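Following: one structure in structure tokens, then a few remarks.
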Amino acid sequence: MTTTIGDIEDAEVILVTGSNTTENHPVLSRHVKRAVAFKGAKLILVDPRRIKLAQFAHLWLRQNLGTDVAWLNGMMHVIISEDLYDRDFVESRTEGFEEMKKMVEKFTPEFVEQITGVPAADLAAAARLYAGAKAASILYCMGITQHTHGTDNVKSLANLAMLCGHMGKPGGGVNPLRGQNNVQGACDMGGLPNVYSGYQAVSDLAIAKKMEEAWGVKDLPTKPGLTVTQMVPKAHEGELKALYIIGENPLVSDPDLNHAEESLKHLDFLVVQDIFLTETAELADVVLPAKSFAEKDGTFSNTERRVQRIRKAVDPPGQAKDDWEILCEVATRMGFEMRYESSEEIFDELARVTPSYSGISYGRIEKDGLHWPCPTPEHPGTPILHREQFTRGKGLFHAIDYTPPAEQTDDEYPLYLTTGRVLYHYHTGTMTMKTEGLNERVPECFVEISPRDAALYELNDGEAVEIASRRGKIRARIQVSDKAVSGTVFIPFHFAKAAANRLTNAQLDPVSKIPEYKVCAVRLSRAA
Amino acid sequence: MAAQHLMIINGNEFPFTPGETILDVARSHAIDIPTLCHLKDTMPTGACRICVVDVRGARNLLPACVTPAAADMIVQTESPAVVRARRLILQLLLSSGNHNCAVRGSDGQDWTSFQLAVHNDDGSSELCPVWGDCRLQDLAYRYQVSGERFASTEIAYPMETVNPFIVRDFSRCIQCGRCVQACNEIQVNNAIHVGYRGAKAKIIAAGDRPLKDSDCVFCGECVQACPVGALVEKDARYKVRPWTERKVRTTCSYCGVGCQMHLHVQENRVVKVSGVEARTPNFGSLCVKGRFGFDFIHAPQRLTVPLIRENGQFREAGWDEALDLVAERLGGIKQSHGPDSIGVLTSARITNEENYIANKFARAVLKTNNIDHCARL
């Protein structure tokens, strides 16, 4: 997030898109609901499903799946043509405005309505509401990013926020909601193929030299590596021979699972380090038992870049070890000595080589976490990013055209499928499904379908159906619900037994390499 | 400079900001006025009246939580009249339910029959499930009252135990309304309300149906807000007592909000979770997963020893054997196929320190940049 969670209550207008906030970030959603219910904020919700937040929305736009660039360009078209944009901000803090302006010219509300299905008048009203606010916050999540044009979607959101000057102030910002406890930290700490910790490029020779000195090592690789979505096909082709997987379950979470499973079977050697024998671990050559969060010390970085402590509460089961300790043991056995006394000793080392974390220490975050960037021990942390300037100096507008999703419906696969989570389960369910009460609330996979589609395909609530895409098929029960929009079904991806990702499309966004989980074409038939 | 606004509490002069209540001013100067129904960050209701104070010139005692501070106001927070009023309120509350904390009475006969009646309602012969963790009990001690002054009232509603997470014990409810405020004003789930009237009043969900059939999402904000034993975590009820547990502060391991939580530990097991009050980013709030989804920590399916595949089957192995094998195989593959034939998937679930070590392991040891995690998935 470019601002903080608490700041959401300072917004006059909140635009939520591609985020089922009350189910996926329940505690953050309370700030959105409180802002609307008690502080006079207006909520613009852009989401095809009738999610809970629709009850709080002043304007609810139900776009067709995968048409986000179109409605965003449409909003900007209205804002520019009605001269509602923040001229000062655009002139002093940004560049590339003219190109972007030219691009959005054709996106009249009427043109946008044809693509997105959003009524022209609603789009214009949303544009005026967003542009007219003193501070407006954008919250988005995987509904924006998990598309073949996810990067375009995010850039378009940034365009909109910059156009209206809603950046770098409380109640503003473009705020991605991170779905996993430490996905922010995994990125910050160099768990990415192109950067070391603190987003220092592996291809930058000066950085490589610095890391070589810090680590006492020579010849660090300078060519960016493969993303997870590239590793899997490389394993299939036989180029990738070994994979070391820590605390991930790609055999439920990857797109096009049938293909992913085959790929992992092609590996010469698979190590899985986890707290459970997951679907992925079942395929491993060696499985190493790790501690859970309740058994270890360390830090997580949350969605607002706040670095917070975790602390050991109980002893681990059996011989389970810290993930860092296991890695250090393997490294040492491979001839590279890595030994640490504690997680704090590791933190102190990472702070030395990571400029954005340099000022943070366990002592400083004993009570409250600190927001990075925090470059020095005296620095108070940075709750709000881009206050005076953007990371690159001026904010750059991107002129982005609309392109449709990779897969379209047709006679054979007439319905769209979109996937996501439910409140009571988490990701691949390895943790939540150990709690009986959560299973009682949502015991199994389901297909959420609109009453109209249910009638059209003559399917009844609770009935078992087969859902098929070009890549695979699963069985699940029908849940007729007015949450669903006609023409699109929703399936939660938690359930290994009926894994939605047997159906999803592994087509990637060309920049971020994120798969298009949010759109694919399927057909439903009564299960035999 | 604007003139300073001043008022007098217990004989001392204090500045205040217009808009503050007497309670706000008192609390910001460490003067303790007891409250039951007051819940931070919500509209005060003045429902319980335990916070009444003596304001010179006022006809009646005034509730401090809703009375605005005013210039030259003179307030006594523990005058004899105030103490009398508080004792009466506490006596009435104690007589209106199964408050079997032994504060209620010391007379042997009465206590025995009362305790038997509670046992009948609750199925436990133990003292109240929140003994030692109860605002009402604290105040009863503070003001030295028992529940014997008034005859016990009938228990109007049976306990609700049909959901997996929360026991709603109406016999111990004092109708303070904090749960309703927590639900409607803090989490804004709008699932529970005050229903019926007078002696029949009850906190209800969805037209008086069980929580599981209402809009309730089991965030447990109401449980944390309940000052007495009316709302208690089902699994912890009668099993977790303040004197048998220790609390460890940590960060939730589910979504990216990073809620601060206490793990309540008893005999090396996490037995309950609560939100850390008054601390960013969640100020005590949690969701159903964070508060109730902790069974995985002690699940029997946890991995406890390294496993090595042999002839298609896993067998248990010692750490040395497993680590040697991993080092040998990775080293061999690196040697024969080059560093980029190996990939590492680190994790959005493990700590910063561990991700940093994974990044160092991939780059400095394996010599590959093939490292990623599931941010994209």
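A note on labels: chains of the structure tokens are A, B, ... as shown, every chain counts residues from 1, and ligands are counted from 1 in their shown order.
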Shell of 10 Å around range 257-259 of chain A, only C-alpha atoms, local chain residues under 6 positions omitted, as a ChimeraX atom specification: /A:232-233,236,250-251,471-473,499-506
Alpha helix (DSSP H) call set, DSSP backbone run, range 164-217 of chain B, as a list in words: Arg178, Cys179, Val180 and Gln181 of chain B
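Relative to CA of Leu136 in chain B, CA of Met43 in chain B is found at 21.4 Å.
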Who sits within 8 Å of range 71-75 of chain B, only C-alpha atoms, same chain under 2 positions skipped, as a VMD selection string: chain B and resid 5 to 11 53 to 56 69 77
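Backbone DSSP assigns strand (DSSP E or B) in range 27-159 of chain B to Val52, Val53, Asp54, Val55, Leu62, Pro63, Pro68, Ile74, Val75 and Gln76 of chain B.
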Could you save the residues just selected, with C-alpha atoms, as a short mmCIF file (atom, residue, chain, number, x, y, z; two decimals), in the first residue's frame?
data_model
loop_
_atom_site.label_atom_id
_atom_site.label_comp_id
_atom_site.auth_asym_id
_atom_site.auth_seq_id
_atom_site.Cartn_x
_atom_site.Cartn_y
_atom_site.Cartn_z
CA VAL B 52 -22.05 8.21 37.02
CA VAL B 53 -20.30 11.13 38.69
CA ASP B 54 -21.32 13.98 40.95
CA VAL B 55 -21.43 17.27 39.04
CA LEU B 62 -24.52 12.21 35.43
CA PRO B 63 -22.95 9.46 33.33
CA PRO B 68 -19.59 16.81 27.76
CA ILE B 74 -16.77 20.71 39.28
CA VAL B 75 -16.84 16.92 39.36
CA GLN B 76 -16.47 14.34 42.12
#
Within 10 Å of Cys328 in chain A, counting only C-alpha atoms, which residues show up once you throw out same-chain ones fewer than 4 positions away? Write them as an mmCIF file with N, CA and C atoms, in the first residue's frame, please.
data_model
loop_
_atom_site.group_PDB
_atom_site.id
_atom_site.type_symbol
_atom_site.label_atom_id
_atom_site.label_comp_id
_atom_site.auth_asym_id
_atom_site.auth_seq_id
_atom_site.Cartn_x
_atom_site.Cartn_y
_atom_site.Cartn_z
ATOM 1 N N ASP A 322 13.474 -24.383 12.336
ATOM 2 C CA ASP A 322 13.279 -23.116 11.644
ATOM 3 C C ASP A 322 13.651 -23.273 10.174
ATOM 4 N N ASP A 323 12.897 -22.627 9.298
ATOM 5 C CA ASP A 323 13.225 -22.700 7.870
ATOM 6 C C ASP A 323 14.640 -22.185 7.599
ATOM 7 N N TRP A 324 15.021 -21.126 8.309
ATOM 8 C CA TRP A 324 16.371 -20.579 8.072
ATOM 9 C C TRP A 324 17.450 -21.557 8.496
ATOM 10 N N THR A 332 25.770 -25.089 4.372
ATOM 11 C CA THR A 332 27.035 -25.454 4.996
ATOM 12 C C THR A 332 27.537 -26.792 4.449
ATOM 13 N N ARG A 333 26.588 -27.720 4.276
ATOM 14 C CA ARG A 333 26.971 -29.023 3.720
ATOM 15 C C ARG A 333 27.396 -28.930 2.259
ATOM 16 N N MET A 334 26.954 -27.863 1.592
ATOM 17 C CA MET A 334 27.381 -27.678 0.196
ATOM 18 C C MET A 334 28.677 -26.872 0.122
ATOM 19 N N PHE A 336 29.345 -23.904 1.761
ATOM 20 C CA PHE A 336 29.240 -22.475 2.017
ATOM 21 C C PHE A 336 28.741 -22.306 3.448
ATOM 22 N N GLU A 337 29.633 -21.958 4.319
ATOM 23 C CA GLU A 337 29.298 -21.898 5.749
ATOM 24 C C GLU A 337 28.249 -20.815 6.016
ATOM 25 N N MET A 338 27.108 -21.199 6.548
ATOM 26 C CA MET A 338 26.090 -20.227 6.964
ATOM 27 C C MET A 338 25.639 -20.622 8.369
ATOM 28 N N ARG A 339 26.004 -19.794 9.358
ATOM 29 C CA ARG A 339 25.599 -20.096 10.735
ATOM 30 C C ARG A 339 25.101 -18.832 11.425
ATOM 31 N N TYR A 340 23.982 -18.927 12.071
ATOM 32 C CA TYR A 340 23.438 -17.797 12.840
ATOM 33 C C TYR A 340 22.942 -18.315 14.179
ATOM 34 N N GLU B 354 13.883 -15.560 7.044
ATOM 35 C CA GLU B 354 13.982 -16.816 6.302
ATOM 36 C C GLU B 354 13.982 -16.579 4.802
ATOM 37 N N ILE B 357 17.421 -15.460 3.931
ATOM 38 C CA ILE B 357 18.333 -16.609 3.884
ATOM 39 C C ILE B 357 18.093 -17.430 2.609
ATOM 40 N N ALA B 358 16.826 -17.578 2.200
ATOM 41 C CA ALA B 358 16.526 -18.313 0.962
ATOM 42 C C ALA B 358 17.138 -17.583 -0.232
ATOM 43 N N LYS B 360 19.750 -15.619 -0.129
ATOM 44 C CA LYS B 360 21.196 -15.796 -0.040
ATOM 45 C C LYS B 360 21.595 -17.214 -0.482
ATOM 46 N N PHE B 361 20.797 -18.179 -0.087
ATOM 47 C CA PHE B 361 21.059 -19.577 -0.436
ATOM 48 C C PHE B 361 21.029 -19.769 -1.963
#
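Proximity to Val271 in chain B was assessed for A:Ala313, A:Asn249, A:Asp509, A:His58 counting only C-alpha atoms; the smallest distance is recorded for A:Ala313.
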Need to verify the contact set: range 308-311 of chain A, 10 Å, only C-alpha atoms, exclusion of same-chain residues closer than 3 positions in sequence. Can you return it as a PDB file with N, CA and C atoms, in the first residue's frame?
ATOM      1  N   PHE A 293       4.431 -20.577  12.439  1.00  0.00           N
ATOM      2  CA  PHE A 293       4.663 -19.211  12.944  1.00  0.00           C
ATOM      3  C   PHE A 293       4.603 -19.143  14.469  1.00  0.00           C
ATOM      4  N   ALA A 294       3.850 -20.059  15.089  1.00  0.00           N
ATOM      5  CA  ALA A 294       3.700 -20.001  16.545  1.00  0.00           C
ATOM      6  C   ALA A 294       4.931 -20.542  17.269  1.00  0.00           C
ATOM      7  N   GLU A 295       5.835 -21.120  16.498  1.00  0.00           N
ATOM      8  CA  GLU A 295       6.996 -21.781  17.113  1.00  0.00           C
ATOM      9  C   GLU A 295       8.293 -21.039  16.860  1.00  0.00           C
ATOM     10  N   LYS A 296       8.202 -19.859  16.203  1.00  0.00           N
ATOM     11  CA  LYS A 296       9.467 -19.206  15.863  1.00  0.00           C
ATOM     12  C   LYS A 296       9.464 -17.696  16.069  1.00  0.00           C
ATOM     13  N   ASP A 297      10.664 -17.158  16.124  1.00  0.00           N
ATOM     14  CA  ASP A 297      10.865 -15.712  16.207  1.00  0.00           C
ATOM     15  C   ASP A 297      11.168 -15.169  14.823  1.00  0.00           C
ATOM     16  N   GLY A 298      10.851 -13.905  14.627  1.00  0.00           N
ATOM     17  CA  GLY A 298      11.164 -13.296  13.346  1.00  0.00           C
ATOM     18  C   GLY A 298      10.304 -12.074  13.099  1.00  0.00           C
ATOM     19  N   THR A 299      10.205 -11.703  11.815  1.00  0.00           N
ATOM     20  CA  THR A 299       9.360 -10.561  11.441  1.00  0.00           C
ATOM     21  C   THR A 299       8.575 -10.897  10.183  1.00  0.00           C
ATOM     22  N   PHE A 300       7.387 -10.299  10.079  1.00  0.00           N
ATOM     23  CA  PHE A 300       6.588 -10.291   8.850  1.00  0.00           C
ATOM     24  C   PHE A 300       6.422  -8.827   8.453  1.00  0.00           C
ATOM     25  N   SER A 301       6.282  -8.557   7.152  1.00  0.00           N
ATOM     26  CA  SER A 301       5.983  -7.197   6.690  1.00  0.00           C
ATOM     27  C   SER A 301       4.584  -7.193   6.107  1.00  0.00           C
ATOM     28  N   ASN A 302       3.716  -6.362   6.643  1.00  0.00           N
ATOM     29  CA  ASN A 302       2.317  -6.443   6.228  1.00  0.00           C
ATOM     30  C   ASN A 302       2.055  -5.623   4.967  1.00  0.00           C
ATOM     31  N   ARG A 305       3.480  -2.221   4.435  1.00  0.00           N
ATOM     32  CA  ARG A 305       4.940  -2.168   4.551  1.00  0.00           C
ATOM     33  C   ARG A 305       5.397  -2.020   5.993  1.00  0.00           C
ATOM     34  N   VAL A 314       5.130 -21.617  21.449  1.00  0.00           N
ATOM     35  CA  VAL A 314       5.139 -23.032  21.850  1.00  0.00           C
ATOM     36  C   VAL A 314       6.317 -23.747  21.188  1.00  0.00           C
ATOM     37  N   TYR A 362      15.121  -5.139  15.989  1.00  0.00           N
ATOM     38  CA  TYR A 362      14.123  -5.741  16.886  1.00  0.00           C
ATOM     39  C   TYR A 362      13.780  -4.791  18.029  1.00  0.00           C
ATOM     40  N   ILE A 365      11.064  -2.276  17.099  1.00  0.00           N
ATOM     41  CA  ILE A 365       9.711  -2.733  16.766  1.00  0.00           C
ATOM     42  C   ILE A 365       9.125  -3.639  17.846  1.00  0.00           C
ATOM     43  N   GLU A 366       9.647  -3.495  19.052  1.00  0.00           N
ATOM     44  CA  GLU A 366       9.154  -4.320  20.155  1.00  0.00           C
ATOM     45  C   GLU A 366       7.645  -4.135  20.360  1.00  0.00           C
ATOM     46  N   LYS A 367       7.161  -2.873  20.350  1.00  0.00           N
ATOM     47  CA  LYS A 367       5.732  -2.609  20.609  1.00  0.00           C
ATOM     48  C   LYS A 367       4.935  -2.406  19.324  1.00  0.00           C
ATOM     49  N   ASP A 368       5.379  -1.476  18.465  1.00  0.00           N
ATOM     50  CA  ASP A 368       4.694  -1.214  17.206  1.00  0.00           C
ATOM     51  C   ASP A 368       5.673  -1.396  16.063  1.00  0.00           C
ATOM     52  N   GLY A 369       5.161  -1.878  14.936  1.00  0.00           N
ATOM     53  CA  GLY A 369       6.022  -2.065  13.772  1.00  0.00           C
ATOM     54  C   GLY A 369       6.398  -0.736  13.135  1.00  0.00           C
ATOM     55  N   LEU A 370       7.357  -0.787  12.218  1.00  0.00           N
ATOM     56  CA  LEU A 370       7.784   0.398  11.477  1.00  0.00           C
ATOM     57  C   LEU A 370       7.535   0.169   9.987  1.00  0.00           C
ATOM     58  N   HIS A 371       7.143   1.257   9.298  1.00  0.00           N
ATOM     59  CA  HIS A 371       6.934   1.176   7.855  1.00  0.00           C
ATOM     60  C   HIS A 371       8.249   1.437   7.131  1.00  0.00           C
TER      61      HIS A 371
ATOM     62  N   VAL B 248       1.427 -14.674  24.556  1.00  0.00           N
ATOM     63  CA  VAL B 248       2.589 -14.279  23.758  1.00  0.00           C
ATOM     64  C   VAL B 248       2.095 -13.422  22.600  1.00  0.00           C
ATOM     65  N   ARG B 249       2.659 -12.226  22.491  1.00  0.00           N
ATOM     66  CA  ARG B 249       2.224 -11.350  21.411  1.00  0.00           C
ATOM     67  C   ARG B 249       2.929 -11.721  20.113  1.00  0.00           C
ATOM     68  N   THR B 250       2.144 -11.786  19.042  1.00  0.00           N
ATOM     69  CA  THR B 250       2.727 -12.091  17.742  1.00  0.00           C
ATOM     70  C   THR B 250       1.890 -11.466  16.640  1.00  0.00           C
ATOM     71  N   THR B 251       2.218 -11.802  15.389  1.00  0.00           N
ATOM     72  CA  THR B 251       1.505 -11.279  14.223  1.00  0.00           C
ATOM     73  C   THR B 251       0.766 -12.426  13.564  1.00  0.00           C
ATOM     74  N   CYS B 252      -0.459 -12.195  13.150  1.00  0.00           N
ATOM     75  CA  CYS B 252      -1.280 -13.245  12.544  1.00  0.00           C
ATOM     76  C   CYS B 252      -0.610 -13.781  11.283  1.00  0.00           C
ATOM     77  N   SER B 253      -0.833 -15.064  11.006  1.00  0.00           N
ATOM     78  CA  SER B 253      -0.149 -15.687   9.870  1.00  0.00           C
ATOM     79  C   SER B 253      -1.077 -15.927   8.683  1.00  0.00           C
ATOM     80  N   GLY B 258      -1.734  -8.195   8.823  1.00  0.00           N
ATOM     81  CA  GLY B 258      -0.729  -8.216   9.891  1.00  0.00           C
ATOM     82  C   GLY B 258      -1.295  -7.882  11.252  1.00  0.00           C
ATOM     83  N   CYS B 259      -2.474  -8.420  11.567  1.00  0.00           N
ATOM     84  CA  CYS B 259      -3.104  -8.143  12.857  1.00  0.00           C
ATOM     85  C   CYS B 259      -2.202  -8.599  14.006  1.00  0.00           C
ATOM     86  N   GLN B 260      -2.152  -7.774  15.037  1.00  0.00           N
ATOM     87  CA  GLN B 260      -1.399  -8.122  16.235  1.00  0.00           C
ATOM     88  C   GLN B 260      -2.297  -8.949  17.141  1.00  0.00           C
ATOM     89  N   MET B 261      -1.786 -10.089  17.579  1.00  0.00           N
ATOM     90  CA  MET B 261      -2.608 -10.993  18.369  1.00  0.00           C
ATOM     91  C   MET B 261      -1.823 -11.561  19.550  1.00  0.00           C
ATOM     92  N   LEU B 263      -1.285 -15.039  21.487  1.00  0.00           N
ATOM     93  CA  LEU B 263      -1.518 -16.469  21.549  1.00  0.00           C
ATOM     94  C   LEU B 263      -1.570 -16.822  23.027  1.00  0.00           C
ATOM     95  N   THR B 351       9.199 -16.064   7.503  1.00  0.00           N
ATOM     96  CA  THR B 351       9.595 -14.730   7.979  1.00  0.00           C
ATOM     97  C   THR B 351      10.490 -14.007   6.974  1.00  0.00           C
ATOM     98  N   ASN B 352      10.710 -12.727   7.237  1.00  0.00           N
ATOM     99  CA  ASN B 352      11.656 -11.941   6.446  1.00  0.00           C
ATOM    100  C   ASN B 352      13.041 -12.554   6.525  1.00  0.00           C
TER     101      ASN B 352
END
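Take CA of Asp453 in chain A and CA of Arg526 in chain A: the distance between them is 13.6 Å.
The nearest approach to chain B among the residues A:Glu248, A:Asp10, A:Glu99, A:Asp410, with only C-alpha atoms taken into account, belongs to A:Glu248.
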Range 127-143 of chain A surroundings by only C-alpha atoms, 8 Å radius, close-in-sequence under 4 positions cut, as a PyMOL selection string: chain A and resi 8+10-19+75-76+78-79+84-85+123+147+157+161+164+166+169-179+518
Distance query Pro300 in chain B at most 12 Å, only C-alpha atoms, self and fewer than 2 positions along chain excluded, as JSON, numbers by chain: {"A": [275, 276, 277, 317, 318, 434, 435], "B": [295, 296, 297, 298, 302, 303, 304]}
Would you mind exporting C-alpha atoms of the selected residues as a compact mmCIF listing (two decimals), in the first residue's frame?
# COMPACT_ATOMS: atom_id res chain seq x y z
CA ILE A 275 4.61 -27.91 8.08
CA PHE A 276 2.29 -30.45 6.41
CA LEU A 277 2.57 -33.21 3.83
CA PRO A 317 6.32 -30.79 17.13
CA GLY A 318 8.91 -33.54 16.91
CA LYS A 434 -7.60 -28.32 10.33
CA THR A 435 -10.25 -26.36 12.23
CA ASP B 295 -5.91 -25.75 15.29
CA PHE B 296 -3.38 -26.37 12.53
CA ILE B 297 -0.55 -25.54 14.95
CA HIS B 298 -1.13 -28.71 16.94
CA ARG B 302 2.08 -31.84 11.29
CA LEU B 303 5.37 -33.09 9.88
CA THR B 304 7.69 -34.07 12.71
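You will find CA of Gly335 in chain A at 27.4 Å from CA of Leu264 in chain A.
If you measure from each of A:Val485, A:Val511, A:Ile400, A:Ile467 to chain B using only C-alpha atoms, the closest one turns out to be A:Val511.
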Best match for closeness to Trp319 in chain B among A:Pro289, A:Pro224, A:Pro316, A:Pro414, counting only C-alpha atoms: A:Pro289
Given only C-alpha atoms as the counted atoms, nearest of A:Pro375, A:Gly429, A:Gly393, A:Pro355 to chain B: A:Gly429
